[in-house]
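> This is the structure, below, for whatever I ask next.
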Amino acid sequence: MTLSMTLLARRAARAGTGCLFFLCGCAQQPVHVAADHFDAVTACADDATTTIAASASVLPIGIPPELASKGTLQTTGTVARRLTLAFAPGSLKPGESFLWSRAFVRTLGGTVEGWTRLQSDGVLIEVAAPAPAQSHSTRNATEKHAAREQAAVESGPGYITVDRASPTGARISNTLSVDLLILPGGIPIDEPVVHVSELWSADGKPLPPSALRFELVPTHHAPGYDVVEADVKLDFVLSRDRDGLVCKGSAQARTTIVDRDAVRAPFWDLGVSSLNAPRSQWLALSDPASGIFRAVFDSPATATSFANWIRATGSAQAGPYQLGLFQQDGRKPLRPLAPVDRGALDTFRVLTREDIQALRTGPLGEP
């Protein structure tokens, strides 16, 4: 979505009297700056920009309902973040203002899948539908308030650029927020999550292995790279009332958009370890129809309950599945996650009594 911005470039000089025009008019008149003429603006002297600094903050938000997964679990791998960019408090001196700004954000460790909302004090663009709780009258009031700026947005894998200016040449807001859809690095993984209808009888005794009923829920989740960071560059055109100064400058910042906890898949598994040692082998289920696959659970309580059932029965059979362990050489821990490959399948062995006593619950892929 691109909204045009106008450059009115005029220069005039009169001998002895008059005013100096620089990039779009007299210093006392509204100044219009266009994105494609930013390079023509004179760079600010150091004393004009020493106090100007950029800041960036991130807030986790929900994915708009029309874009969210329609499955039981939100496991598409895409996360939503509200990135707020601002010129740090104290950047502007009395009588100074910004006439134009370009925010350039480049992501590292993940890609920009898209954006759904952009807002400053002077502009509001919503690509996805507003939240149902927001009334029509509230939206109208916001849109009326947010008509003082024009914006041009460009995005692609790994970046987003937002240009802002006022159609009247007035000052623009110091703060901008944009809602981003981010896909952490790596190719998402498809694997089933184990649901067992019942493990225990009404009197607390473990059900026999043949009585267990399994449901395998397909999921699609991120592989679990550590973080997604962003380099932020804010280009600007500065206006100063006292001497008619119009000049350009830049400020930079870096922030973490998606931290390690956020990219950790919301699943748990069972592995074996010796006392006070990391897990080194992981529980898997095997049968002739489904083959061998990792035992993945949607809560630590579910995983622990299944481990307790195995301890109580001492069984290496659960319903139609044989229980065993596998390991993936060279992956300690198993991050980023990968599907259980042929090398791992070759390590599969049936669960023993010694293994059963060493079972430990942990986040999926963690030691």
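Order determines the names: the first chain of the structure tokens is A, the second B, and so forth; residues in each chain are numbered 1 upward, and ligands are numbered 1 upward as they are shown.
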So that I can see what lies close to region 106-114 of chain A, please list as a PyMOL selection string the residues with an atom at most 7 Å from it, counting only C-alpha atoms and leaving out residues fewer than 4 positions away in the same chain.
chain A and resi 156-160+180-185+227-232
> Let me see the file: selected residues, C-alpha atoms, as a PDB file, in the first residue's frame.

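result.pdb written:
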ATOM      1  CA  GLY A 156       9.559  -8.372   1.803  1.00  0.00           C
ATOM      2  CA  PRO A 157      11.247 -11.402   3.356  1.00  0.00           C
ATOM      3  CA  GLY A 158      13.577 -10.019   5.986  1.00  0.00           C
ATOM      4  CA  TYR A 159      12.651  -6.310   5.896  1.00  0.00           C
ATOM      5  CA  ILE A 160       9.974  -3.628   6.096  1.00  0.00           C
ATOM      6  CA  LEU A 180       4.474  -7.694  12.112  1.00  0.00           C
ATOM      7  CA  LEU A 181       4.016 -11.365  11.289  1.00  0.00           C
ATOM      8  CA  ILE A 182       7.388 -13.044  11.818  1.00  0.00           C
ATOM      9  CA  LEU A 183       8.450 -16.557  10.833  1.00  0.00           C
ATOM     10  CA  PRO A 184      11.456 -17.676  12.878  1.00  0.00           C
ATOM     11  CA  GLY A 185      14.248 -19.236  10.853  1.00  0.00           C
ATOM     12  CA  VAL A 227      16.116 -15.674  18.507  1.00  0.00           C
ATOM     13  CA  VAL A 228      14.972 -13.229  15.834  1.00  0.00           C
ATOM     14  CA  GLU A 229      16.650  -9.832  16.037  1.00  0.00           C
ATOM     15  CA  ALA A 230      16.151  -6.631  14.080  1.00  0.00           C
ATOM     16  CA  ASP A 231      18.401  -3.802  13.011  1.00  0.00           C
ATOM     17  CA  VAL A 232      16.453  -0.522  12.916  1.00  0.00           C
TER      18      VAL A 232
END
> Enter the distance from CA of Tyr321 (chain A) to CA of Val296 (chain A), in Å, rounded to one decimal.
14.1 Å
> So that I can check the surroundings of Thr84 (chain A), please list as a ChimeraX atom specification every protein, DNA and RNA residue that reaches within 9 Å of it, counting only C-alpha atoms and ignoring chain neighbours fewer than 3 positions away.
/A:55-59,175-179
> Just list the residues in region 256-330 of chain A DSSP gives strand (DSSP E or B) on the backbone, as a PyMOL selection string.
chain A and resi 256-258+268-272+281-287+291-294+296-297+317-318+321-326
> Point out the residue among A:Ala202, A:Leu92, A:Val272, A:Leu234 with the least atom-to-atom distance to Asp163 (chain A), counting only C-alpha atoms.
A:Leu234
> I'd like to know which of A:Gln322, A:Thr302, A:Thr78, A:Gln150 is closest to Glu198 (chain A), using only C-alpha atoms.
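Between A:Gln322, A:Thr302, A:Thr78, A:Gln150, the residue approaching Glu198 (chain A) most closely is A:Thr302.
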> Let's see if you can do this: from backbone DSSP, list all helix (DSSP H, G or I) residues in region 162-357 of chain A, as a CSV table (one decimal) with N, CA and C atoms, in the first residue's frame.

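Okay, this is what ended up in result23.csv:
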chain,number,residue,atom,x,y,z
A,209,PRO,N,-2.1,-52.1,29.1
A,209,PRO,CA,-1.7,-51.6,27.8
A,209,PRO,C,-2.7,-51.7,26.7
A,210,SER,N,-3.4,-52.8,26.7
A,210,SER,CA,-4.3,-53.1,25.5
A,210,SER,C,-5.5,-52.2,25.6
A,211,ALA,N,-5.8,-51.5,26.8
A,211,ALA,CA,-7.0,-50.7,26.9
A,211,ALA,C,-6.7,-49.2,26.5
A,260,ARG,N,14.2,-16.5,22.8
A,260,ARG,CA,14.3,-17.9,22.7
A,260,ARG,C,13.0,-18.6,23.3
A,261,ASP,N,12.5,-18.1,24.4
A,261,ASP,CA,11.3,-18.7,24.9
A,261,ASP,C,10.1,-18.7,23.9
A,262,ALA,N,10.0,-17.7,23.1
A,262,ALA,CA,8.9,-17.5,22.2
A,262,ALA,C,9.0,-18.5,21.0
A,263,VAL,N,10.2,-18.9,20.6
A,263,VAL,CA,10.4,-19.8,19.5
A,263,VAL,C,10.4,-21.2,20.0
A,300,PRO,N,3.3,-30.5,30.0
A,300,PRO,CA,4.2,-31.3,30.8
A,300,PRO,C,3.4,-32.3,31.7
A,301,ALA,N,2.2,-31.9,32.1
A,301,ALA,CA,1.3,-32.8,32.9
A,301,ALA,C,1.0,-34.1,32.1
A,302,THR,N,0.6,-33.9,30.9
A,302,THR,CA,0.3,-35.1,30.0
A,302,THR,C,1.5,-36.0,29.9
A,303,ALA,N,2.7,-35.4,29.6
A,303,ALA,CA,3.9,-36.2,29.4
A,303,ALA,C,4.2,-36.9,30.7
A,304,THR,N,4.2,-36.2,31.8
A,304,THR,CA,4.5,-36.8,33.1
A,304,THR,C,3.6,-38.0,33.5
A,305,SER,N,2.3,-37.7,33.2
A,305,SER,CA,1.3,-38.8,33.5
A,305,SER,C,1.6,-40.0,32.7
A,306,PHE,N,2.0,-39.9,31.4
A,306,PHE,CA,2.3,-41.0,30.6
A,306,PHE,C,3.5,-41.7,31.1
A,307,ALA,N,4.5,-41.0,31.5
A,307,ALA,CA,5.7,-41.6,32.1
A,307,ALA,C,5.4,-42.3,33.4
A,308,ASN,N,4.5,-41.8,34.2
A,308,ASN,CA,4.1,-42.5,35.5
A,308,ASN,C,3.3,-43.8,35.1
A,309,TRP,N,2.5,-43.7,34.1
A,309,TRP,CA,1.8,-45.0,33.7
A,309,TRP,C,2.8,-46.0,33.3
A,310,ILE,N,3.9,-45.6,32.5
A,310,ILE,CA,4.9,-46.6,32.1
A,310,ILE,C,5.6,-47.2,33.3
A,311,ARG,N,5.9,-46.3,34.3
A,311,ARG,CA,6.6,-46.8,35.5
A,311,ARG,C,5.7,-47.8,36.3
A,312,ALA,N,4.4,-47.4,36.3
A,312,ALA,CA,3.4,-48.2,37.1
A,312,ALA,C,3.2,-49.6,36.5
A,313,THR,N,3.2,-49.7,35.2
A,313,THR,CA,3.0,-50.9,34.5
A,313,THR,C,4.2,-51.7,34.1
A,342,ARG,N,16.4,-41.0,9.2
A,342,ARG,CA,16.7,-42.4,9.0
A,342,ARG,C,17.8,-42.7,10.0
A,343,GLY,N,18.8,-41.8,10.2
A,343,GLY,CA,19.9,-42.1,11.2
A,343,GLY,C,19.3,-42.4,12.6
A,344,ALA,N,18.3,-41.5,13.0
A,344,ALA,CA,17.7,-41.7,14.3
A,344,ALA,C,16.9,-43.0,14.3
A,345,LEU,N,16.2,-43.3,13.3
A,345,LEU,CA,15.5,-44.6,13.3
A,345,LEU,C,16.3,-45.8,13.5
A,353,ARG,N,13.6,-51.9,31.5
A,353,ARG,CA,13.2,-51.5,32.8
A,353,ARG,C,14.1,-50.4,33.4
A,354,GLU,N,15.4,-50.5,33.0
A,354,GLU,CA,16.3,-49.5,33.5
A,354,GLU,C,16.0,-48.1,32.8
A,355,ASP,N,15.6,-48.1,31.6
A,355,ASP,CA,15.2,-46.9,30.9
A,355,ASP,C,14.0,-46.3,31.6
A,356,ILE,N,13.0,-47.1,31.9
A,356,ILE,CA,11.8,-46.6,32.5
A,356,ILE,C,12.0,-45.8,33.8
A,357,GLN,N,12.9,-46.3,34.6
A,357,GLN,CA,13.2,-45.5,35.8
A,357,GLN,C,14.0,-44.2,35.5
> Please, what distance in Å, to one decimal, runs between CA of Arg242 (chain A) and CA of Asp39 (chain A)?
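Separation of CA of Arg242 (chain A) and CA of Asp39 (chain A): 24.0 Å.
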> Do a neighbour search on Leu275 (chain A) at 12 Å with only C-alpha atoms, toss out local chain neighbours closer than 2 positions, and write the hits as a list in words.
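Result of the neighbour search: Val272, Ser273, Ala277, Pro278, Arg279, Gln357, Ala358, Leu359 and Arg360 of chain A.
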> Set the distance at 9 Å and use only C-alpha atoms: which residues neighbour Leu212 (chain A) once local chain neighbours fewer than 2 positions away are removed? I'd like the list as a list in words.
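In the requested form, the answer reads Val196, Ser197, Glu198, Leu199, Leu207, Pro208, Pro209, Ser210, Phe214, Ala318, Gly319 and Pro320 of chain A.
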> If you count only C-alpha atoms, which residues fall within 8 Å of Leu351 (chain A), apart from same-chain ones fewer than 6 positions away, as a PyMOL selection string?
chain A and resi 316+323-325
> Keeping only N, CA and C atoms, write the selected residues as a short mmCIF file (atom, residue, chain, number, x, y, z; two decimals), in the first residue's frame.

data_model
loop_
_atom_site.label_atom_id
_atom_site.label_comp_id
_atom_site.auth_asym_id
_atom_site.auth_seq_id
_atom_site.Cartn_x
_atom_site.Cartn_y
_atom_site.Cartn_z
N ALA A 316 6.48 -51.98 27.93
CA ALA A 316 7.06 -51.37 26.74
C ALA A 316 6.06 -51.40 25.59
N LEU A 323 6.96 -49.16 22.68
CA LEU A 323 7.68 -48.01 23.20
C LEU A 323 9.18 -48.27 23.12
N GLY A 324 9.91 -47.24 22.70
CA GLY A 324 11.36 -47.38 22.60
C GLY A 324 12.04 -46.04 22.68
N LEU A 325 13.34 -46.05 22.51
CA LEU A 325 14.16 -44.84 22.57
C LEU A 325 14.95 -44.69 21.28
#
> Extract, using only C-alpha atoms, all DNA, RNA and protein residues at most 9 Å from Ser239 (chain A), discarding same-chain residues fewer than 4 positions from it, and format them as a PyMOL selection string.
chain A and resi 27+31+95-99+171+244-248
> What separation in Å, quoted to one decimal, exists between CA of Val79 (chain A) and CA of Gly362 (chain A)?
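Pair CA of Val79 (chain A) / CA of Gly362 (chain A) returns 22.7 Å.
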